[in-house]
There are 2 protein chains.
Amino acid sequence: MNNSPNLYEPCPKHYVALDNIIFGFDEKELKILLIKRSFEPEKGNWSLMGGFLKDEEGVDEAATRVLYELTGLRNVFVEQLHTYGAIHRDPVARTVSVAYYALIRVNDYDTELGKKYGARWFPIHNYPSLIFDHPQMVQDALDRLRSKTRTQPIGFELLPEKFTIPQLRHLYEAIHNQVYDPRNFSRKLNSMKLLIQLHEKDKENSKKGAYLYKFDPNRYKMLLSQGFSFEL
Amino acid sequence: MNNSPNLYEPCPKHYVALDNIIFGFDEKELKILLIKRSFEPEKGNWSLMGGFLKDEEGVDEAATRVLYELTGLRNVFVEQLHTYGAIHRDPVARTVSVAYYALIRVNDYDTELGKKYGARWFPIHNYPSLIFDHPQMVQDALDRLRSKTRTQPIGFELLPEKFTIPQLRHLYEAIHNQVYDPRNFSRKLNSMKLLIQLHEKDKENSKKGAYLYKFDPNRYKMLLSQGFSFEL
DNA sequence: GCCAATAAACGTCATAATGACATTTATTTT
DNA sequence: AAAATAAATGTCATTATGACGTTTATTGGC
């Protein structure tokens with residue numbers, strides 16, 4: 001970017017940071033990926049994965065980059081959450097942080113890369129105290145995830161490509177912290193006709209085995225155009 | 001703010017702007033308040049009301065300030081919408097803009113103050129072309145308003161304190177661009193018991209006159225705590 | 001003073017969606 | 001062959017929804 005004078009010159013500039021709330025689902029629990037901060041202040045304390053906005057990248061790109069640096073993942077669900085701009089939110093210097101949340105499949109995640117940052121998964125209901133306003137960010141992200149999964153089929157981003165109805169139900173139970181009646185839950189899903197039933201079963205969790213399904217994004221688009229609205 | 005060196009020093013700083021999408025409701029139409037840009041580039045073209053983030057204010061405060069400068073209003077509904085950070089979104093200089101949307105009562109709005117900025121109300125379905133990425137911001141704000149009014153009782157912020165059921169229905173029709181059956185609409189509202197019926201009628205729009213109501217925020221809080229969820 | 005015009009208020013019925021609940025089925029392990 | 005496990009499925013009563021027409025209160029014109 002050029003640094004020639006411009007008519008915004010009298011206005012102050014600010015550090016702009018990105019922070020990512022990274023959700024995963026494992027062992028019937030909703031989890032977030034946290035890192036150990038490697039510099040002062042708050043060195044050694046738990047933190048969201050973040051970084052600073054560079055001149056040559058857009059804000060969305062920057063968030064994606066930061067996510068990639070930690071997880072090695074691209075093309076995952078990432079959405080802007082909120083921008084945090086209280087004056088003293090960061091004690092080092094006045095910084096505006098744009099937070100994003102990401103939904104990833106824990107098995108796709110690059111564990112080796114994570115080690116570099118001292119990354120660890122924590123259950124959403126049992127994570128350590130976090131620096132700055134990161135607890136607020138996590139809470140807001142969880143709220144968003146809850147409201148968004150009710151009306152948009154994004155939960156699938158947290159499951160393997162092939163999943164069972166009971167797995168999906170457990171995911172929703174973890175996200176919304178409530179139990180769903182198995183019969184009513186699968187009735188609702190079947191009625192939406194968004195899932196393709198495969199001719200395979202998953203026998204990890206039961207002797208009988210549960211049918212595997214795939215989410216059908218094309219069908220979803222088609223239904224959307226007909227005025228369908230997802231709701232769970 | 002002090003300018004002493006800190007460990008973020010190597011990171012680039014950026015201009016941070018605020019933009020407000022200001023909604024109003026008048027003559028059965030949803031409207032937005034736009035101003036005429038007073039400097040180059042794009043001087044004389046229509047724009048959202050915006051400003052730059054100062055060192056001594058939080059981002060939310062800054063948005064509130066900018067809104068106040070144009071409308072003279074405080075204590076109105078304002079909510080952060082989204083942060084726009086594409087590199088070249090502003091041709092003058094790289095600027096990250098945090099957009100907010102506000103819901104105001106058009107009669108409370110200070111017309112004199114507006115003149116200073118060349119402000120004018122435009123129907124949401126018929127406004128002039130806007131600078132930069134402001135059209136995207138307006139579209140996003142409208143989408144947000146639509147989804148938010150479905151599940152939260154914020155529409156009242158656009159009506160006078162006392163309003164009639166038909167007025168409220170017209171508001172929803174304007175926001176969602178569809179017609180609602182008057183009987184079903186008022187049945188739904190009555191069933192929620194969120195409105196206090198007053199012993200006055202509004203005779204502006206009919207010979208019979210329509211009862212005036214007030215939204216009851218305390219009752220809403222009470223119901224919320226009992227697991228009630230608003231939906232229209 | 002009566003009639004016409006206006007928009008508000010209100011009720012019913014058929015259909016669809018929801019929530020609550022128990023049994024049967026396929027398979028593996030002992 | 002029996003026990004254990006979790007998956008799959010059906011019914012019924014209740015509630016919410018969408019579609020529809022008539023009556024009511026009031027004003028203004030004749």
# chains A, B, ... in the order shown; residues from 1 in each chain; ligands from 1

$ interface_residues --of "chain C" --to "chain B" --cutoff "7 Å" --atoms "only C-alpha atoms (C1' of nucleotides)" --output "ChimeraX atom specification"
/C:6-8

$ write_last_selection --atoms "C-alpha atoms (C1' of nucleotides)" --output "compact mmCIF listing (two decimals), in the first residue's frame"
# COMPACT_ATOMS: atom_id res chain seq x y z
C1' DT C 6 -64.13 3.12 5.88
C1' DA C 7 -61.08 0.35 8.38
C1' DA C 8 -61.08 -2.38 12.87

$ residues_around --residues "Ala86 (chain A)" --least-positions-apart "6" --cutoff "12 Å" --atoms "only C-alpha atoms (C1' of nucleotides)" --output "number ranges by chain"
A: 93-98, 132-133; B: 53-62

$ atom_distance --atom1 "CA of Glu40 (chain B)" --atom2 "CA of Pro135 (chain B)"
18.8 Å

$ atom_distance --atom1 "CA of Leu34 (chain A)" --atom2 "CA of Ala17 (chain A)"
16.6 Å

$ interface_residues --of "chain D" --to "chain B" --cutoff "9 Å" --atoms "only C-alpha atoms (C1' of nucleotides)" --output "PyMOL selection string"
chain D and resi 17-18+24-27

$ write_last_selection --atoms "N, CA and C atoms (P, O5', C5', C4', C3', O3' and C1' of nucleotides)" --output "compact mmCIF listing (two decimals), in the first residue's frame"
# COMPACT_ATOMS: atom_id res chain seq x y z
P DT D 17 -47.75 -20.68 15.15
O5' DT D 17 -48.57 -21.16 13.88
C5' DT D 17 -47.94 -22.07 12.96
C4' DT D 17 -48.87 -22.28 11.78
C3' DT D 17 -49.22 -21.01 11.03
O3' DT D 17 -48.68 -21.13 9.73
C1' DT D 17 -51.16 -22.33 11.47
P DG D 18 -48.55 -19.78 8.82
O5' DG D 18 -49.74 -20.01 7.77
C5' DG D 18 -49.92 -21.29 7.17
C4' DG D 18 -51.28 -21.33 6.52
C3' DG D 18 -51.67 -20.04 5.79
O3' DG D 18 -52.19 -20.42 4.53
C1' DG D 18 -53.35 -20.63 7.33
P DT D 24 -72.69 -6.62 15.27
O5' DT D 24 -71.51 -5.56 15.34
C5' DT D 24 -70.36 -5.82 16.15
C4' DT D 24 -69.48 -4.60 16.13
C3' DT D 24 -70.22 -3.31 16.48
O3' DT D 24 -69.51 -2.64 17.50
C1' DT D 24 -68.97 -3.04 14.48
P DA D 25 -70.26 -1.56 18.38
O5' DA D 25 -69.45 -0.24 18.05
C5' DA D 25 -68.05 -0.20 18.32
C4' DA D 25 -67.48 0.93 17.50
C3' DA D 25 -68.17 2.27 17.75
O3' DA D 25 -67.17 3.16 18.21
C1' DA D 25 -67.97 1.83 15.40
P DT D 26 -67.58 4.62 18.72
O5' DT D 26 -67.48 5.45 17.36
C5' DT D 26 -66.20 5.59 16.77
C4' DT D 26 -66.36 6.14 15.38
C3' DT D 26 -67.06 7.49 15.31
O3' DT D 26 -66.06 8.47 15.20
C1' DT D 26 -67.56 6.03 13.48
P DT D 27 -66.42 10.04 15.14
O5' DT D 27 -66.41 10.26 13.57
C5' DT D 27 -65.24 9.89 12.81
C4' DT D 27 -65.52 10.15 11.35
C3' DT D 27 -66.05 11.56 11.06
O3' DT D 27 -65.21 12.15 10.09
C1' DT D 27 -67.46 9.90 10.10

$ select_by_dssp --residues "region 114-203 of chain A" --states "alpha helix (DSSP H)" --output "PyMOL selection string"
chain A and resi 114-116+134-151+165-176+182-192

$ residues_around --residues "DA4 (chain C)" --least-positions-apart "5" --cutoff "12 Å" --atoms "only C-alpha atoms (C1' of nucleotides)" --output "MDAnalysis selection string"
chainID D and resid 27:30

$ residues_around --residues "region 153-158 of chain B" --least-positions-apart "2" --cutoff "6 Å" --atoms "only C-alpha atoms (C1' of nucleotides)" --output "ChimeraX atom specification"
/B:24-25,103-105,149

$ select_by_dssp --residues "region 52-214 of chain B" --states "strand (DSSP E or B)" --output "PyMOL selection string"
chain B and resi 52+77-84+95-103+120-123+130+163-164+195-202+210-214

$ write_last_selection --atoms "N, CA, C and O atoms" --output "compact mmCIF listing (two decimals), in the first residue's frame"
# COMPACT_ATOMS: atom_id res chain seq x y z
N PHE B 52 -14.64 8.44 11.61
CA PHE B 52 -13.46 7.66 11.97
C PHE B 52 -13.38 7.39 13.46
O PHE B 52 -13.82 8.21 14.27
N PHE B 77 -31.98 2.22 19.59
CA PHE B 77 -31.49 0.88 19.29
C PHE B 77 -30.36 0.95 18.26
O PHE B 77 -30.57 1.41 17.14
N VAL B 78 -29.17 0.54 18.65
CA VAL B 78 -28.03 0.46 17.74
C VAL B 78 -27.38 -0.89 17.96
O VAL B 78 -27.20 -1.32 19.10
N GLU B 79 -27.01 -1.54 16.88
CA GLU B 79 -26.37 -2.84 17.02
C GLU B 79 -25.29 -2.97 15.95
O GLU B 79 -25.49 -2.54 14.82
N GLN B 80 -24.20 -3.59 16.34
CA GLN B 80 -23.14 -3.80 15.36
C GLN B 80 -23.63 -4.78 14.30
O GLN B 80 -24.26 -5.79 14.62
N LEU B 81 -23.34 -4.46 13.06
CA LEU B 81 -23.79 -5.29 11.96
C LEU B 81 -22.69 -6.21 11.46
O LEU B 81 -22.81 -7.44 11.51
N HIS B 82 -21.59 -5.60 11.01
CA HIS B 82 -20.55 -6.39 10.35
C HIS B 82 -19.37 -5.46 10.13
O HIS B 82 -19.53 -4.24 10.07
N THR B 83 -18.19 -6.04 9.99
CA THR B 83 -17.01 -5.26 9.69
C THR B 83 -16.56 -5.54 8.26
O THR B 83 -16.45 -6.71 7.87
N TYR B 84 -16.37 -4.48 7.52
CA TYR B 84 -16.03 -4.59 6.11
C TYR B 84 -14.56 -4.24 5.94
O TYR B 84 -14.14 -3.14 6.31
N THR B 95 -9.01 1.27 4.58
CA THR B 95 -9.83 1.56 5.75
C THR B 95 -10.71 0.36 6.08
O THR B 95 -11.35 -0.19 5.20
N VAL B 96 -10.70 0.00 7.33
CA VAL B 96 -11.60 -1.05 7.80
C VAL B 96 -12.83 -0.36 8.39
O VAL B 96 -12.69 0.53 9.22
N SER B 97 -14.00 -0.74 7.93
CA SER B 97 -15.19 -0.08 8.45
C SER B 97 -16.08 -1.02 9.25
O SER B 97 -16.44 -2.09 8.78
N VAL B 98 -16.40 -0.58 10.45
CA VAL B 98 -17.32 -1.34 11.29
C VAL B 98 -18.70 -0.72 11.11
O VAL B 98 -18.90 0.46 11.43
N ALA B 99 -19.63 -1.50 10.58
CA ALA B 99 -20.96 -0.96 10.31
C ALA B 99 -21.92 -1.30 11.44
O ALA B 99 -21.86 -2.38 12.01
N TYR B 100 -22.79 -0.34 11.74
CA TYR B 100 -23.84 -0.50 12.74
C TYR B 100 -25.17 -0.17 12.08
O TYR B 100 -25.23 0.60 11.13
N TYR B 101 -26.23 -0.74 12.62
CA TYR B 101 -27.54 -0.29 12.14
C TYR B 101 -28.33 0.22 13.33
O TYR B 101 -28.16 -0.24 14.46
N ALA B 102 -29.15 1.21 13.04
CA ALA B 102 -29.93 1.85 14.10
C ALA B 102 -31.39 1.89 13.70
O ALA B 102 -31.72 1.99 12.52
N LEU B 103 -32.25 1.77 14.70
CA LEU B 103 -33.68 1.89 14.46
C LEU B 103 -34.18 3.13 15.19
O LEU B 103 -34.06 3.21 16.42
N ARG B 120 -31.32 12.90 3.83
CA ARG B 120 -32.68 12.64 3.34
C ARG B 120 -33.08 11.20 3.57
O ARG B 120 -32.24 10.30 3.53
N TRP B 121 -34.37 11.03 3.81
CA TRP B 121 -34.90 9.67 3.93
C TRP B 121 -35.22 9.11 2.55
O TRP B 121 -35.79 9.80 1.71
N PHE B 122 -34.88 7.84 2.35
CA PHE B 122 -35.24 7.16 1.11
C PHE B 122 -35.92 5.84 1.41
O PHE B 122 -35.52 5.15 2.35
N PRO B 123 -36.93 5.50 0.62
CA PRO B 123 -37.56 4.19 0.79
C PRO B 123 -36.54 3.08 0.56
O PRO B 123 -35.69 3.21 -0.34
N LEU B 130 -25.10 4.34 -4.08
CA LEU B 130 -24.28 4.75 -2.94
C LEU B 130 -22.81 4.51 -3.22
O LEU B 130 -22.46 3.68 -4.05
N PHE B 163 -48.89 2.75 19.62
CA PHE B 163 -49.15 2.38 18.22
C PHE B 163 -50.33 1.43 18.17
O PHE B 163 -50.74 0.87 19.20
N THR B 164 -50.87 1.25 16.99
CA THR B 164 -52.01 0.34 16.83
C THR B 164 -51.52 -0.97 16.21
O THR B 164 -50.44 -1.02 15.62
N LEU B 195 -48.18 -6.83 24.71
CA LEU B 195 -48.63 -5.47 24.50
C LEU B 195 -49.67 -5.09 25.56
O LEU B 195 -50.49 -5.92 25.96
N ILE B 196 -49.58 -3.86 25.99
CA ILE B 196 -50.57 -3.33 26.91
C ILE B 196 -51.58 -2.51 26.10
O ILE B 196 -51.19 -1.55 25.43
N GLN B 197 -52.83 -2.89 26.18
CA GLN B 197 -53.84 -2.11 25.47
C GLN B 197 -54.20 -0.88 26.26
O GLN B 197 -54.47 -0.95 27.46
N LEU B 198 -54.18 0.27 25.60
CA LEU B 198 -54.52 1.52 26.27
C LEU B 198 -56.00 1.83 26.06
O LEU B 198 -56.66 1.23 25.22
N HIS B 199 -56.49 2.81 26.82
CA HIS B 199 -57.90 3.14 26.69
C HIS B 199 -58.09 4.33 25.75
O HIS B 199 -58.95 5.17 25.96
N GLU B 200 -57.23 4.38 24.75
CA GLU B 200 -57.33 5.44 23.74
C GLU B 200 -57.36 4.78 22.37
O GLU B 200 -56.83 3.69 22.18
N LYS B 201 -57.93 5.51 21.46
CA LYS B 201 -57.92 5.04 20.08
C LYS B 201 -57.20 6.04 19.20
O LYS B 201 -57.16 7.23 19.48
N ASP B 202 -56.64 5.51 18.14
CA ASP B 202 -56.03 6.34 17.11
C ASP B 202 -57.03 6.43 15.96
O ASP B 202 -57.44 5.41 15.40
N ALA B 210 -58.64 2.75 15.96
CA ALA B 210 -57.98 1.52 16.38
C ALA B 210 -57.36 1.73 17.75
O ALA B 210 -56.82 2.80 18.04
N TYR B 211 -57.44 0.74 18.59
CA TYR B 211 -56.87 0.86 19.93
C TYR B 211 -55.37 1.05 19.88
O TYR B 211 -54.67 0.44 19.05
N LEU B 212 -54.88 1.91 20.77
CA LEU B 212 -53.45 2.10 20.90
C LEU B 212 -52.90 1.10 21.91
O LEU B 212 -53.58 0.73 22.86
N TYR B 213 -51.66 0.68 21.66
CA TYR B 213 -50.98 -0.27 22.54
C TYR B 213 -49.60 0.24 22.87
O TYR B 213 -49.04 1.08 22.17
N LYS B 214 -49.05 -0.30 23.93
CA LYS B 214 -47.65 -0.05 24.27
C LYS B 214 -46.95 -1.40 24.45
O LYS B 214 -47.54 -2.34 24.99

$ atom_distance --atom1 "CA of Tyr117 (chain B)" --atom2 "CA of Gly44 (chain B)"
10.7 Å

$ residues_around --residues "Lys36 (chain A)" --least-positions-apart "5" --cutoff "10 Å" --atoms "only C-alpha atoms (C1' of nucleotides)" --output "list in words"
Glu42, Lys43, Gly44, Asn45, Trp46, Ser47, Leu48, Met49, Lys115, Lys116, Tyr117, Gly118, Ala119, Arg120 and Leu130 of chain A

$ write_last_selection --atoms "N, CA and C atoms" --output "compact mmCIF listing (two decimals), in the first residue's frame"
# COMPACT_ATOMS: atom_id res chain seq x y z
N GLU A 42 0.84 -11.95 30.00
CA GLU A 42 -0.02 -13.14 30.00
C GLU A 42 0.64 -14.34 29.33
N LYS A 43 1.97 -14.29 29.23
CA LYS A 43 2.68 -15.42 28.65
C LYS A 43 2.33 -16.71 29.38
N GLY A 44 2.10 -17.77 28.60
CA GLY A 44 1.76 -19.05 29.20
C GLY A 44 0.29 -19.23 29.49
N ASN A 45 -0.47 -18.17 29.38
CA ASN A 45 -1.91 -18.30 29.60
C ASN A 45 -2.64 -18.68 28.32
N TRP A 46 -3.84 -19.19 28.49
CA TRP A 46 -4.61 -19.67 27.34
C TRP A 46 -5.27 -18.51 26.61
N SER A 47 -5.37 -18.71 25.32
CA SER A 47 -5.81 -17.62 24.44
C SER A 47 -6.44 -18.20 23.19
N LEU A 48 -7.23 -17.40 22.53
CA LEU A 48 -7.70 -17.77 21.20
C LEU A 48 -6.55 -17.58 20.21
N MET A 49 -6.63 -18.26 19.09
CA MET A 49 -5.62 -18.08 18.05
C MET A 49 -5.90 -16.77 17.32
N LYS A 115 0.97 -28.37 17.83
CA LYS A 115 1.98 -28.45 18.89
C LYS A 115 2.85 -27.20 18.96
N LYS A 116 3.14 -26.68 17.77
CA LYS A 116 3.95 -25.48 17.66
C LYS A 116 3.39 -24.33 18.49
N TYR A 117 2.08 -24.29 18.60
CA TYR A 117 1.42 -23.20 19.34
C TYR A 117 0.97 -23.64 20.73
N GLY A 118 1.29 -24.86 21.07
CA GLY A 118 0.81 -25.37 22.34
C GLY A 118 -0.70 -25.46 22.37
N ALA A 119 -1.27 -25.87 21.24
CA ALA A 119 -2.73 -25.89 21.11
C ALA A 119 -3.34 -27.10 21.79
N ARG A 120 -4.53 -26.90 22.33
CA ARG A 120 -5.26 -28.01 22.94
C ARG A 120 -6.76 -27.80 22.81
N LEU A 130 -9.19 -17.36 30.15
CA LEU A 130 -8.58 -16.84 28.94
C LEU A 130 -8.17 -15.40 29.11

$ residues_around --residues "Leu113 (chain B)" --least-positions-apart "6" --cutoff "10 Å" --atoms "only C-alpha atoms (C1' of nucleotides)" --output "NGL selection string"
:B and (68-72 or 119)

$ write_last_selection --atoms "N, CA and C atoms" --output "PDB file, in the first residue's frame"
ATOM      1  N   TYR B  68     -25.325  10.205  16.742  1.00  0.00           N
ATOM      2  CA  TYR B  68     -25.776  11.404  17.453  1.00  0.00           C
ATOM      3  C   TYR B  68     -25.493  12.662  16.642  1.00  0.00           C
ATOM      4  N   GLU B  69     -24.334  12.702  16.018  1.00  0.00           N
ATOM      5  CA  GLU B  69     -23.957  13.878  15.231  1.00  0.00           C
ATOM      6  C   GLU B  69     -24.972  14.156  14.123  1.00  0.00           C
ATOM      7  N   LEU B  70     -25.501  13.079  13.557  1.00  0.00           N
ATOM      8  CA  LEU B  70     -26.450  13.282  12.453  1.00  0.00           C
ATOM      9  C   LEU B  70     -27.882  13.491  12.921  1.00  0.00           C
ATOM     10  N   THR B  71     -28.271  12.761  13.951  1.00  0.00           N
ATOM     11  CA  THR B  71     -29.696  12.736  14.295  1.00  0.00           C
ATOM     12  C   THR B  71     -30.040  13.472  15.574  1.00  0.00           C
ATOM     13  N   GLY B  72     -29.044  13.752  16.390  1.00  0.00           N
ATOM     14  CA  GLY B  72     -29.311  14.346  17.691  1.00  0.00           C
ATOM     15  C   GLY B  72     -29.914  13.351  18.667  1.00  0.00           C
ATOM     16  N   ALA B 119     -28.973  15.479   4.641  1.00  0.00           N
ATOM     17  CA  ALA B 119     -29.563  14.161   4.867  1.00  0.00           C
ATOM     18  C   ALA B 119     -30.977  14.074   4.296  1.00  0.00           C
TER      19      ALA B 119
END
